[in-house]
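Peer 1: The structure file structure-v3.pdb (PDB, C-alpha atoms) is provided below.
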```pdb
ATOM      1  CA  MET A  23     -12.934  88.062   5.044
ATOM      2  CA  ILE A  24     -15.438  85.303   4.290
ATOM      3  CA  GLY A  25     -18.598  86.826   5.661
ATOM      4  CA  ASN A  26     -20.523  86.534   8.915
ATOM      5  CA  LYS A  27     -19.460  83.802  11.314
ATOM      6  CA  PRO A  28     -21.459  80.625  10.543
ATOM      7  CA  ASP A  29     -22.831  78.067  12.930
ATOM      8  CA  SER A  30     -20.864  74.880  13.457
ATOM      9  CA  ASP A  31     -21.235  72.063  10.963
ATOM     10  CA  LEU A  32     -20.377  68.397  10.620
ATOM     11  CA  TRP A  33     -16.727  69.107   9.885
ATOM     12  CA  SER A  34     -16.077  71.700  12.563
ATOM     13  CA  ASP A  35     -17.933  69.648  15.156
ATOM     14  CA  TRP A  36     -15.617  66.706  14.519
ATOM     15  CA  LEU A  37     -12.362  68.628  14.231
ATOM     16  CA  LEU A  38     -12.952  70.791  17.279
ATOM     17  CA  TYR A  39     -14.790  68.329  19.545
ATOM     18  CA  ARG A  40     -15.648  64.766  18.464
ATOM     19  CA  ARG A  41     -12.154  63.873  17.240
ATOM     20  CA  HIS A  42     -11.007  63.950  20.879
ATOM     21  CA  ALA A  43     -14.402  63.362  22.553
ATOM     22  CA  ASP A  44     -14.338  66.980  23.778
ATOM     23  CA  ASP A  45     -11.817  65.829  26.383
ATOM     24  CA  PRO A  46      -8.828  68.204  26.859
ATOM     25  CA  SER A  47      -6.609  65.462  28.263
ATOM     26  CA  TYR A  48      -7.221  63.158  25.334
ATOM     27  CA  GLN A  49      -6.773  66.074  22.947
ATOM     28  CA  GLN A  50      -3.243  66.444  24.284
ATOM     29  CA  VAL A  51      -2.652  62.722  23.680
ATOM     30  CA  ILE A  52      -3.625  62.755  20.009
ATOM     31  CA  ARG A  53      -2.213  66.186  19.155
ATOM     32  CA  PRO A  54       1.371  64.948  18.620
ATOM     33  CA  VAL A  55       0.092  62.248  16.250
ATOM     34  CA  ILE A  56      -1.786  64.799  14.155
ATOM     35  CA  GLU A  57       1.234  67.088  14.140
ATOM     36  CA  ARG A  58       3.463  64.272  12.877
ATOM     37  CA  TYR A  59       1.120  63.822   9.913
ATOM     38  CA  ALA A  60       1.399  67.517   9.121
ATOM     39  CA  GLU A  61       5.174  67.540   9.407
ATOM     40  CA  ARG A  62       5.484  64.538   7.096
ATOM     41  CA  VAL A  63       3.288  66.296   4.511
ATOM     42  CA  LEU A  64       5.477  69.389   4.702
ATOM     43  CA  ASP A  65       8.640  67.310   4.342
ATOM     44  CA  GLY A  66       7.222  66.013   1.065
ATOM     45  CA  ALA A  67       6.210  69.497  -0.077
ATOM     46  CA  ARG A  68       9.817  70.756  -0.335
ATOM     47  CA  LEU A  69       8.797  74.355   0.267
ATOM     48  CA  ALA A  70      11.187  77.252  -0.356
ATOM     49  CA  PRO A  71      11.054  81.004   0.310
ATOM     50  CA  GLY A  72       8.801  82.962  -2.022
ATOM     51  CA  MET A  73       6.548  80.033  -2.879
ATOM     52  CA  THR A  74       2.765  79.876  -2.878
ATOM     53  CA  LEU A  75       1.126  76.925  -1.106
ATOM     54  CA  ILE A  76      -2.504  75.876  -1.323
ATOM     55  CA  ASP A  77      -3.652  73.713   1.585
ATOM     56  CA  VAL A  78      -6.825  72.026   0.355
ATOM     57  CA  GLY A  79      -9.262  71.086   3.122
ATOM     58  CA  ALA A  80      -7.201  73.149   5.514
ATOM     59  CA  GLY A  81      -9.373  72.531   8.565
ATOM     60  CA  GLU A  82      -7.853  74.278  11.549
ATOM     61  CA  GLY A  83      -4.888  75.406   9.424
ATOM     62  CA  LEU A  84      -2.304  73.089  10.956
ATOM     63  CA  VAL A  85      -0.364  72.399   7.755
ATOM     64  CA  ALA A  86      -0.604  75.988   6.522
ATOM     65  CA  PHE A  87       0.573  77.558   9.760
ATOM     66  CA  ARG A  88       3.410  75.076  10.203
ATOM     67  CA  ALA A  89       4.471  75.838   6.651
ATOM     68  CA  ILE A  90       4.667  79.524   7.543
ATOM     69  CA  ASP A  91       6.648  78.620  10.660
ATOM     70  CA  ARG A  92       9.123  76.758   8.483
ATOM     71  CA  ILE A  93       9.536  79.254   5.652
ATOM     72  CA  GLY A  94       8.685  82.634   7.142
ATOM     73  CA  ALA A  95       7.094  85.812   5.857
ATOM     74  CA  SER A  96       7.822  85.217   2.165
ATOM     75  CA  LEU A  97       5.468  82.230   1.930
ATOM     76  CA  ARG A  98       1.988  82.897   0.583
ATOM     77  CA  VAL A  99      -0.678  80.421   1.700
ATOM     78  CA  LEU A 100      -4.149  79.757   0.335
ATOM     79  CA  LEU A 101      -6.412  77.821   2.711
ATOM     80  CA  THR A 102      -9.493  76.195   1.199
ATOM     81  CA  ASP A 103     -12.191  74.213   2.959
ATOM     82  CA  ILE A 104     -15.746  73.129   2.318
ATOM     83  CA  SER A 105     -16.612  74.252   5.861
ATOM     84  CA  ALA A 106     -17.188  77.967   6.381
ATOM     85  CA  ALA A 107     -17.068  77.375  10.131
ATOM     86  CA  MET A 108     -13.557  75.930   9.907
ATOM     87  CA  LEU A 109     -12.375  78.741   7.650
ATOM     88  CA  HIS A 110     -13.518  81.282  10.235
ATOM     89  CA  HIS A 111     -11.784  79.302  12.956
ATOM     90  CA  ALA A 112      -8.554  79.131  10.940
ATOM     91  CA  GLU A 113      -8.765  82.829  10.084
ATOM     92  CA  ALA A 114      -9.078  83.693  13.763
ATOM     93  CA  LEU A 115      -5.993  81.587  14.492
ATOM     94  CA  ALA A 116      -4.110  83.356  11.698
ATOM     95  CA  VAL A 117      -4.916  86.690  13.320
ATOM     96  CA  GLU A 118      -3.724  85.386  16.693
ATOM     97  CA  ARG A 119      -0.477  84.164  15.143
ATOM     98  CA  GLY A 120       0.120  87.437  13.301
ATOM     99  CA  VAL A 121       0.129  85.796   9.854
ATOM    100  CA  ARG A 122      -3.256  86.913   8.519
ATOM    101  CA  ASP A 123      -1.657  88.992   5.744
ATOM    102  CA  GLN A 124       0.072  85.889   4.336
ATOM    103  CA  CYS A 125      -3.169  83.912   4.135
ATOM    104  CA  THR A 126      -6.105  83.807   1.736
ATOM    105  CA  PHE A 127      -9.236  81.884   2.779
ATOM    106  CA  LEU A 128     -11.484  80.322   0.132
ATOM    107  CA  GLN A 129     -14.557  78.177   0.636
ATOM    108  CA  GLY A 130     -15.029  75.281  -1.757
ATOM    109  CA  SER A 131     -14.451  71.603  -2.442
ATOM    110  CA  ALA A 132     -11.300  69.859  -3.597
ATOM    111  CA  GLU A 133     -13.064  68.882  -6.816
ATOM    112  CA  SER A 134     -13.512  72.505  -7.890
ATOM    113  CA  LEU A 135     -10.888  75.001  -6.744
ATOM    114  CA  GLN A 136     -12.824  78.010  -7.940
ATOM    115  CA  GLY A 137     -11.104  81.338  -7.716
ATOM    116  CA  ILE A 138      -7.626  79.841  -8.131
ATOM    117  CA  GLU A 139      -5.973  80.450 -11.484
ATOM    118  CA  GLY A 140      -4.267  77.704 -13.415
ATOM    119  CA  ALA A 141      -0.515  77.309 -12.980
ATOM    120  CA  SER A 142      -0.523  79.758 -10.070
ATOM    121  CA  VAL A 143       0.753  77.781  -7.044
ATOM    122  CA  ASP A 144       3.960  75.914  -6.267
ATOM    123  CA  VAL A 145       2.655  73.255  -3.876
ATOM    124  CA  VAL A 146      -0.673  71.575  -3.096
ATOM    125  CA  THR A 147      -1.120  69.794   0.236
ATOM    126  CA  THR A 148      -3.963  67.778   1.735
ATOM    127  CA  ARG A 149      -4.418  66.045   5.070
ATOM    128  CA  ALA A 150      -7.357  63.621   5.398
ATOM    129  CA  VAL A 151      -9.373  65.354   2.680
ATOM    130  CA  LEU A 152      -9.763  63.053  -0.308
ATOM    131  CA  ALA A 153     -11.359  60.421   1.941
ATOM    132  CA  TYR A 154     -14.519  62.553   1.841
ATOM    133  CA  VAL A 155     -14.386  63.570  -1.830
ATOM    134  CA  HIS A 156     -16.665  61.640  -4.172
ATOM    135  CA  ASP A 157     -14.761  62.394  -7.365
ATOM    136  CA  LYS A 158     -11.135  61.945  -6.383
ATOM    137  CA  GLY A 159     -10.045  61.976 -10.024
ATOM    138  CA  ALA A 160     -11.515  65.466 -10.412
ATOM    139  CA  ALA A 161      -9.649  66.619  -7.309
ATOM    140  CA  PHE A 162      -6.335  65.378  -8.702
ATOM    141  CA  ARG A 163      -7.076  67.126 -11.989
ATOM    142  CA  GLU A 164      -7.721  70.357 -10.110
ATOM    143  CA  PHE A 165      -4.458  69.975  -8.201
ATOM    144  CA  HIS A 166      -2.681  69.515 -11.522
ATOM    145  CA  ARG A 167      -4.455  72.526 -13.042
ATOM    146  CA  VAL A 168      -3.550  75.022 -10.322
ATOM    147  CA  LEU A 169       0.088  73.902 -10.016
ATOM    148  CA  LYS A 170       2.840  75.634 -11.913
ATOM    149  CA  PRO A 171       4.947  73.402 -14.165
ATOM    150  CA  GLY A 172       7.317  71.557 -11.859
ATOM    151  CA  GLY A 173       4.998  72.087  -8.851
ATOM    152  CA  ARG A 174       4.429  69.390  -6.246
ATOM    153  CA  ILE A 175       1.618  67.714  -4.367
ATOM    154  CA  SER A 176       2.113  66.205  -0.923
ATOM    155  CA  MET A 177      -0.690  64.518   0.963
ATOM    156  CA  VAL A 178      -1.606  62.112   3.729
ATOM    157  CA  GLU A 179      -4.890  60.252   3.498
ATOM    158  CA  PRO A 180      -6.492  57.661   5.795
ATOM    159  CA  ILE A 181      -7.286  54.300   4.232
ATOM    160  CA  HIS A 182     -10.570  53.023   5.689
ATOM    161  CA  GLN A 183     -11.300  50.195   3.286
ATOM    162  CA  ASP A 184     -10.249  47.502   5.752
ATOM    163  CA  GLU A 185     -12.615  48.831   8.417
ATOM    164  CA  ALA A 186     -15.460  48.595   5.921
ATOM    165  CA  TYR A 187     -14.552  45.043   4.950
ATOM    166  CA  ALA A 188     -14.338  44.147   8.646
ATOM    167  CA  ALA A 189     -17.886  45.465   9.117
ATOM    168  CA  LEU A 190     -18.976  43.409   6.100
ATOM    169  CA  ALA A 191     -17.299  40.304   7.558
ATOM    170  CA  LEU A 192     -19.101  40.841  10.857
ATOM    171  CA  LYS A 193     -22.418  41.139   9.026
ATOM    172  CA  THR A 194     -21.737  37.892   7.185
ATOM    173  CA  ILE A 195     -20.933  36.083  10.449
ATOM    174  CA  VAL A 196     -24.001  37.474  12.216
ATOM    175  CA  ASP A 197     -26.313  36.619   9.312
ATOM    176  CA  GLY A 198     -24.959  33.074   9.288
ATOM    177  CA  GLN A 199     -25.347  32.356  12.988
ATOM    178  CA  PRO A 200     -27.443  29.323  13.931
ATOM    179  CA  PRO A 201     -30.797  30.624  15.221
ATOM    180  CA  GLU A 202     -30.882  28.054  18.008
ATOM    181  CA  ASN A 203     -27.636  29.235  19.610
ATOM    182  CA  PRO A 204     -26.646  32.742  18.446
ATOM    183  CA  ASP A 205     -23.793  34.744  19.940
ATOM    184  CA  ARG A 206     -25.290  37.689  21.855
ATOM    185  CA  PHE A 207     -22.352  40.027  21.516
ATOM    186  CA  LEU A 208     -21.488  39.789  17.811
ATOM    187  CA  PRO A 209     -24.722  41.422  16.573
ATOM    188  CA  LEU A 210     -24.099  44.352  18.921
ATOM    189  CA  LEU A 211     -20.509  44.652  17.744
ATOM    190  CA  HIS A 212     -21.727  44.666  14.143
ATOM    191  CA  ARG A 213     -24.390  47.270  14.885
ATOM    192  CA  TRP A 214     -21.696  49.563  16.288
ATOM    193  CA  LYS A 215     -19.281  49.079  13.390
ATOM    194  CA  ALA A 216     -22.010  49.314  10.730
ATOM    195  CA  ALA A 217     -23.047  52.700  12.119
ATOM    196  CA  GLN A 218     -19.545  54.019  11.405
ATOM    197  CA  PHE A 219     -18.483  52.170   8.235
ATOM    198  CA  PRO A 220     -20.365  50.701   5.252
ATOM    199  CA  ASP A 221     -21.063  46.982   5.718
ATOM    200  CA  SER A 222     -22.097  45.748   2.265
ATOM    201  CA  LEU A 223     -20.362  45.656  -1.103
ATOM    202  CA  GLU A 224     -22.936  48.090  -2.469
ATOM    203  CA  LYS A 225     -22.428  50.538   0.374
ATOM    204  CA  ILE A 226     -18.647  50.246   0.138
ATOM    205  CA  ALA A 227     -18.736  50.976  -3.587
ATOM    206  CA  ALA A 228     -20.870  54.081  -2.975
ATOM    207  CA  SER A 229     -18.803  55.407  -0.053
ATOM    208  CA  PRO A 230     -15.986  57.890  -0.788
ATOM    209  CA  LEU A 231     -14.563  56.860   2.576
ATOM    210  CA  ALA A 232     -14.166  53.192   1.693
ATOM    211  CA  ASN A 233     -14.265  52.754  -2.068
ATOM    212  CA  TYR A 234     -10.576  53.437  -2.671
ATOM    213  CA  SER A 235      -7.202  52.077  -1.632
ATOM    214  CA  GLU A 236      -3.736  53.568  -1.497
ATOM    215  CA  ARG A 237      -3.104  52.151  -4.986
ATOM    216  CA  ASP A 238      -6.091  54.056  -6.294
ATOM    217  CA  LEU A 239      -4.445  57.291  -5.155
ATOM    218  CA  VAL A 240      -1.483  56.437  -7.357
ATOM    219  CA  ARG A 241      -3.828  55.676 -10.245
ATOM    220  CA  PHE A 242      -5.647  58.997  -9.846
ATOM    221  CA  GLY A 243      -2.326  60.825  -9.838
ATOM    222  CA  GLN A 244      -1.178  59.104 -13.003
ATOM    223  CA  ALA A 245      -4.457  59.772 -14.797
ATOM    224  CA  ALA A 246      -4.262  63.473 -13.898
ATOM    225  CA  GLY A 247      -0.824  63.780 -15.499
ATOM    226  CA  PHE A 248       1.493  63.741 -12.489
ATOM    227  CA  ALA A 249       5.007  62.305 -12.637
ATOM    228  CA  GLU A 250       7.521  61.075 -10.048
ATOM    229  CA  ILE A 251       4.701  59.657  -7.937
ATOM    230  CA  HIS A 252       5.792  58.153  -4.644
ATOM    231  CA  MET A 253       3.339  56.488  -2.272
ATOM    232  CA  GLU A 254       3.987  54.932   1.142
ATOM    233  CA  LEU A 255       1.365  53.008   3.108
ATOM    234  CA  HIS A 256       1.927  53.086   6.851
ATOM    235  CA  VAL A 257       0.065  50.568   9.018
ATOM    236  CA  ASP A 258       0.487  50.931  12.773
ATOM    237  CA  VAL A 259      -0.988  48.385  15.165
ATOM    238  CA  ALA A 260      -0.665  49.434  18.789
ATOM    239  CA  PRO A 261      -2.500  49.482  22.106
ATOM    240  CA  SER A 262      -5.272  52.042  21.909
ATOM    241  CA  ASP A 263      -4.551  55.395  23.508
ATOM    242  CA  VAL A 264      -8.185  55.496  24.674
ATOM    243  CA  THR A 265      -8.242  54.116  28.197
ATOM    244  CA  THR A 266     -11.298  55.764  29.751
ATOM    245  CA  TRP A 267     -14.873  54.706  29.067
ATOM    246  CA  GLU A 268     -16.047  58.294  28.726
ATOM    247  CA  VAL A 269     -13.592  59.028  25.911
ATOM    248  CA  PHE A 270     -14.369  55.666  24.292
ATOM    249  CA  LEU A 271     -18.033  56.673  24.175
ATOM    250  CA  GLY A 272     -17.364  60.185  22.928
ATOM    251  CA  VAL A 273     -14.737  59.762  20.225
ATOM    252  CA  SER A 274     -15.564  58.993  16.592
ATOM    253  CA  PRO A 275     -13.145  57.696  13.938
ATOM    254  CA  HIS A 276     -14.075  60.199  11.224
ATOM    255  CA  PRO A 277     -16.472  63.134  10.685
ATOM    256  CA  LEU A 278     -19.217  61.010   9.123
ATOM    257  CA  ALA A 279     -19.322  58.551  12.038
ATOM    258  CA  PRO A 280     -21.471  59.035  15.137
ATOM    259  CA  PRO A 281     -19.626  58.357  18.396
ATOM    260  CA  LEU A 282     -20.326  55.118  20.201
ATOM    261  CA  GLY A 283     -22.287  56.903  22.917
ATOM    262  CA  VAL A 284     -24.776  58.188  20.344
ATOM    263  CA  ILE A 285     -25.018  54.763  18.711
ATOM    264  CA  LEU A 286     -25.750  53.094  22.035
ATOM    265  CA  ALA A 287     -28.391  55.686  22.907
ATOM    266  CA  GLU A 288     -30.165  55.594  19.553
ATOM    267  CA  ARG A 289     -29.781  51.993  18.348
ATOM    268  CA  PHE A 290     -29.511  49.825  21.468
ATOM    269  CA  SER A 291     -32.051  48.875  24.096
ATOM    270  CA  ASP A 292     -31.263  49.429  27.763
ATOM    271  CA  GLU A 293     -30.486  45.734  28.198
ATOM    272  CA  GLU A 294     -28.236  45.735  25.105
ATOM    273  CA  ARG A 295     -26.349  48.793  26.315
ATOM    274  CA  GLN A 296     -25.727  47.197  29.702
ATOM    275  CA  PHE A 297     -24.544  43.953  28.144
ATOM    276  CA  PHE A 298     -22.283  45.749  25.639
ATOM    277  CA  GLU A 299     -20.691  47.839  28.398
ATOM    278  CA  GLN A 300     -20.228  44.757  30.563
ATOM    279  CA  ILE A 301     -18.124  43.192  27.812
ATOM    280  CA  MET A 302     -16.281  46.212  26.431
ATOM    281  CA  ARG A 303     -15.615  48.512  29.359
ATOM    282  CA  PRO A 304     -13.142  46.282  31.241
ATOM    283  CA  THR A 305     -11.126  45.793  28.059
ATOM    284  CA  VAL A 306     -10.954  49.529  27.388
ATOM    285  CA  GLU A 307     -10.093  50.550  30.928
ATOM    286  CA  ALA A 308      -7.440  47.830  31.229
ATOM    287  CA  GLY A 309      -5.704  49.248  28.152
ATOM    288  CA  GLN A 310      -6.225  45.996  26.260
ATOM    289  CA  SER A 311      -8.014  47.358  23.189
ATOM    290  CA  VAL A 312      -6.015  47.761  19.989
ATOM    291  CA  SER A 313      -5.969  50.517  17.387
ATOM    292  CA  ILE A 314      -4.959  50.049  13.751
ATOM    293  CA  ASP A 315      -4.089  53.152  11.764
ATOM    294  CA  ARG A 316      -3.657  52.940   8.005
ATOM    295  CA  VAL A 317      -2.464  56.087   6.243
ATOM    296  CA  ALA A 318      -1.050  56.704   2.785
ATOM    297  CA  TYR A 319       1.536  59.396   2.090
ATOM    298  CA  LEU A 320       1.766  60.473  -1.541
ATOM    299  CA  THR A 321       3.992  62.972  -3.294
ATOM    300  CA  ALA A 322       4.174  63.781  -7.005
ATOM    301  CA  ARG A 323       5.319  66.454  -9.411
ATOM    302  CA  LYS A 324       3.647  68.219 -12.306
ATOM    303  CA  PRO A 325       5.964  67.865 -15.296
ATOM    304  CA  ALA A 326       7.909  70.993 -16.103
ATOM    305  CA  THR A 327       6.939  70.833 -19.766
TER
END
```
Rewrite the structure from the file as structure tokens, please.
Peer 2:
Amino acid sequence: MIGNKPDSDLWSDWLLYRRHADDPSYQQVIRPVIERYAERVLDGARLAPGMTLIDVGAGEGLVAFRAIDRIGASLRVLLTDISAAMLHHAEALAVERGVRDQCTFLQGSAESLQGIEGASVDVVTTRAVLAYVHDKGAAFREFHRVLKPGGRISMVEPIHQDEAYAALALKTIVDGQPPENPDRFLPLLHRWKAAQFPDSLEKIAASPLANYSERDLVRFGQAAGFAEIHMELHVDVAPSDVTTWEVFLGVSPHPLAPPLGVILAERFSDEERQFFEQIMRPTVEAGQSVSIDRVAYLTARKPAT
């Protein structure tokens, strides 16, 4: 056990509520997408009976529990997370699923996998974890340390750099508008985007969310000593699956981002909120808004010798 049940935190609030705007219908819409990420990670893990898996940043335990579903009772799973609240949530789910005895729950960051011996696990997995880790090189070194010779890593990570550069581009356009005839909407659009993503080169460089690309993940893996590195960048442009204004206001793109509804309430005047909604709401409710998802899948192997 990991102690008394903690209050919610930034991470549990997003995973359990803000990711789907606390809307059960929308939760059912995005659930298959999240599950596909997990299944792709497990395909890359190449698990086998009797192995030990560490799921770093396990969150609600999706990857870990699906791994157990695939392999069965012989699989040992270590679930780590920086959030004590999420570990308690995942532990409760493990009890419900009857797999608690196969699971070990450890609180900590990806950069320091304390309590895990070197060369003790067969597979390391992550799902949207390194995006929030400041020292990604240290995390890769820890993955390498805890893996047995010949062990594998398999991960999926969001790539948010383009969103940050889009916010920077908006800022540049807004700052360069002619004062005698400025566009009313662009500054509001920038204010929204800048509340969720860094909008200057300095902020981008300092943000673990935006200061890396998919190629950097390959570089970190090489520097840590991994071999047989394979990375795929998937970019999907499609009509947004958010088609109600209430969900549009309540959802946030990542744990560090306030939802639009909070941004409007805290950073917009009444007149600005009304004008913003007048422009955006018809587009959202007509299903005309677009989503762009950029995710990197990476697998690699620790050399056997």
Peer 1: Mind telling me what the PyMOL selection byres ((chain A and resi 115-127) around 10) catches here, as an NGL selection string?
Peer 2: :A and (23-24 or 74-77 or 80 or 82-84 or 86-87 or 90-91 or 94-103 or 106 or 109-114 or 128-130)
Peer 1: May I have the residues within 10 Å of Leu320 in chain A as a ChimeraX atom specification, using only C-alpha atoms and disregarding those fewer than 2 positions away in the same chain?
Peer 2: /A:63,66,147-148,175-179,236,239-240,243,251-255,317-318,322
Peer 1: Enumerate, as a PyMOL selection string, the residues matched when the PyMOL selection byres ((chain A and resi 60) around 9) is run on the file above.
Peer 2: chain A and resi 55-59+61-65+84-85+88+149+177-178
Peer 1: Any chance you can output those residues with C-alpha atoms as a JSON list (two decimals), keeping the file's coordinate frame?
Peer 2:
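Now in part01.json:
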```
[["chain", "number", "residue", "atom", "x", "y", "z"],
["A", 55, "VAL", "CA", 0.09, 62.25, 16.25],
["A", 56, "ILE", "CA", -1.79, 64.80, 14.16],
["A", 57, "GLU", "CA", 1.23, 67.09, 14.14],
["A", 58, "ARG", "CA", 3.46, 64.27, 12.88],
["A", 59, "TYR", "CA", 1.12, 63.82, 9.91],
["A", 61, "GLU", "CA", 5.17, 67.54, 9.41],
["A", 62, "ARG", "CA", 5.48, 64.54, 7.10],
["A", 63, "VAL", "CA", 3.29, 66.30, 4.51],
["A", 64, "LEU", "CA", 5.48, 69.39, 4.70],
["A", 65, "ASP", "CA", 8.64, 67.31, 4.34],
["A", 84, "LEU", "CA", -2.30, 73.09, 10.96],
["A", 85, "VAL", "CA", -0.36, 72.40, 7.76],
["A", 88, "ARG", "CA", 3.41, 75.08, 10.20],
["A", 149, "ARG", "CA", -4.42, 66.04, 5.07],
["A", 177, "MET", "CA", -0.69, 64.52, 0.96],
["A", 178, "VAL", "CA", -1.61, 62.11, 3.73]]
```
Peer 1: Within 10 Å of (-5.3, 48.0, 3.6) in the file's own coordinates, which protein, DNA or RNA residues have an atom, counting all atoms listed in the file? List them as a JSON list (two decimals) with C-alpha atoms, in the frame of the given file.
Peer 2:
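Final file, out-v4.json:
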```json
[["chain", "number", "residue", "atom", "x", "y", "z"],
["A", 180, "PRO", "CA", -6.49, 57.66, 5.80],
["A", 181, "ILE", "CA", -7.29, 54.30, 4.23],
["A", 182, "HIS", "CA", -10.57, 53.02, 5.69],
["A", 183, "GLN", "CA", -11.30, 50.20, 3.29],
["A", 184, "ASP", "CA", -10.25, 47.50, 5.75],
["A", 185, "GLU", "CA", -12.62, 48.83, 8.42],
["A", 187, "TYR", "CA", -14.55, 45.04, 4.95],
["A", 234, "TYR", "CA", -10.58, 53.44, -2.67],
["A", 235, "SER", "CA", -7.20, 52.08, -1.63],
["A", 236, "GLU", "CA", -3.74, 53.57, -1.50],
["A", 237, "ARG", "CA", -3.10, 52.15, -4.99],
["A", 255, "LEU", "CA", 1.36, 53.01, 3.11],
["A", 256, "HIS", "CA", 1.93, 53.09, 6.85],
["A", 257, "VAL", "CA", 0.06, 50.57, 9.02],
["A", 315, "ASP", "CA", -4.09, 53.15, 11.76],
["A", 316, "ARG", "CA", -3.66, 52.94, 8.01],
["A", 317, "VAL", "CA", -2.46, 56.09, 6.24],
["A", 318, "ALA", "CA", -1.05, 56.70, 2.78]]
```
Peer 1: Compile the contact shell of Asp44 in chain A as a list in words: residues with an atom at most 9 Å away, counting only C-alpha atoms, same-chain residues fewer than 4 positions apart removed.
Peer 2: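 So, after excluding close chain neighbours, the residues are Leu38, Tyr39, Arg40, Tyr48, Gln49, Val269, Gly272 and Val273 of chain A.
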Peer 1: Pick out the closest residue to Val196 in chain A from this set: A:His166, A:Arg213, A:Arg303, A:Arg92. Count all atoms listed in the file.
Peer 2: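 Residue with the minimum atom-to-atom distance to Val196 in chain A: A:Arg213.
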Peer 1: Name the residues that the PyMOL selection byres ((chain A and resi 140) around 10) pulls out of this structure, and write them as a PDB file with C-alpha atoms, in the coordinates of the input.
Peer 2:
```
ATOM      1  CA  LEU A 135     -10.888  75.001  -6.744  1.00  0.00           C
ATOM      2  CA  GLY A 137     -11.104  81.338  -7.716  1.00  0.00           C
ATOM      3  CA  ILE A 138      -7.626  79.841  -8.131  1.00  0.00           C
ATOM      4  CA  GLU A 139      -5.973  80.450 -11.484  1.00  0.00           C
ATOM      5  CA  ALA A 141      -0.515  77.309 -12.980  1.00  0.00           C
ATOM      6  CA  SER A 142      -0.523  79.758 -10.070  1.00  0.00           C
ATOM      7  CA  VAL A 143       0.753  77.781  -7.044  1.00  0.00           C
ATOM      8  CA  GLU A 164      -7.721  70.357 -10.110  1.00  0.00           C
ATOM      9  CA  PHE A 165      -4.458  69.975  -8.201  1.00  0.00           C
ATOM     10  CA  HIS A 166      -2.681  69.515 -11.522  1.00  0.00           C
ATOM     11  CA  ARG A 167      -4.455  72.526 -13.042  1.00  0.00           C
ATOM     12  CA  VAL A 168      -3.550  75.022 -10.322  1.00  0.00           C
ATOM     13  CA  LEU A 169       0.088  73.902 -10.016  1.00  0.00           C
ATOM     14  CA  LYS A 170       2.840  75.634 -11.913  1.00  0.00           C
TER      15      LYS A 170
END
```
Peer 1: Work out how far CA of Ala188 in chain A is from CA of Ala279 in chain A, in Å to one decimal.
Peer 2: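 Spanning CA of Ala279 in chain A to CA of Ala188 in chain A is a straight-line distance of 15.6 Å.
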Peer 1: What does the distance between CA of Pro71 in chain A and CA of Ala160 in chain A come to in Å, to one decimal place?
Peer 2: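 One can read the CA of Pro71 in chain A to CA of Ala160 in chain A distance as 29.4 Å.
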Peer 1: To one decimal place in Å, what is the distance between CA of Leu69 in chain A and CA of Gln136 in chain A?
Peer 2: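 Computing the Euclidean distance for CA of Leu69 in chain A and CA of Gln136 in chain A yields 23.4 Å.
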Peer 1: Would you list the contacts of Arg295 in chain A as a VMD selection string, taking every protein, DNA or RNA residue within 9 Å and counting all atoms listed in the file, but skipping same-chain residues closer than 6 positions in sequence?
Peer 2: chain A and resid 210 286 to 287
Peer 1: Please provide the set of residues having any atom within 12 Å of Met302 in chain A, restricted to only C-alpha atoms, with same-chain residues fewer than 4 positions apart removed, written as a list in words.
Peer 2: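 The residues that qualify are Phe207, Leu208, Leu210, Leu211, Trp214, Thr265, Thr266, Trp267, Phe270, Leu271, Leu282, Arg295, Gln296, Phe297, Phe298, Val306, Glu307, Ala308, Gly309, Gln310 and Ser311 of chain A.
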Peer 1: Under the rule that only C-alpha atoms are counted, which of A:Ala150, A:Lys324, A:Ile285, A:Ser313 is the nearest residue to Val259 in chain A?
Peer 2: A:Ser313
Peer 1: When you look at Ala246 in chain A with a cut-off of 8 Å (counting only C-alpha atoms), what residues show up, excluding the ones that are within fewer than 6 positions of it in the same chain? I need them as a list in words.
Peer 2: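 Contacts, in chain order: Gly159, Phe162, Arg163 and His166 of chain A.
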Peer 1: I'd like to know which of A:Lys225, A:His156, A:Arg206, A:Arg241 is closest to Ala189 in chain A, using only C-alpha atoms.
Peer 2: A:Lys225
Peer 1: Could you check which of A:Ile314, A:Asn203, A:Leu231, A:Ala186 is closest to Asp258 in chain A, using all atoms listed in the file?
Peer 2: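 Nearest to Asp258 in chain A: A:Ile314.
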Peer 1: Looking at A:Val146, A:Ala89, A:Ala67, A:Val151, which one is nearest to Ser105 in chain A, with distances taken over all atoms listed in the file?
Peer 2: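 Of A:Val146, A:Ala89, A:Ala67, A:Val151, the one nearest Ser105 in chain A, counting all atoms listed in the file, is A:Val151.
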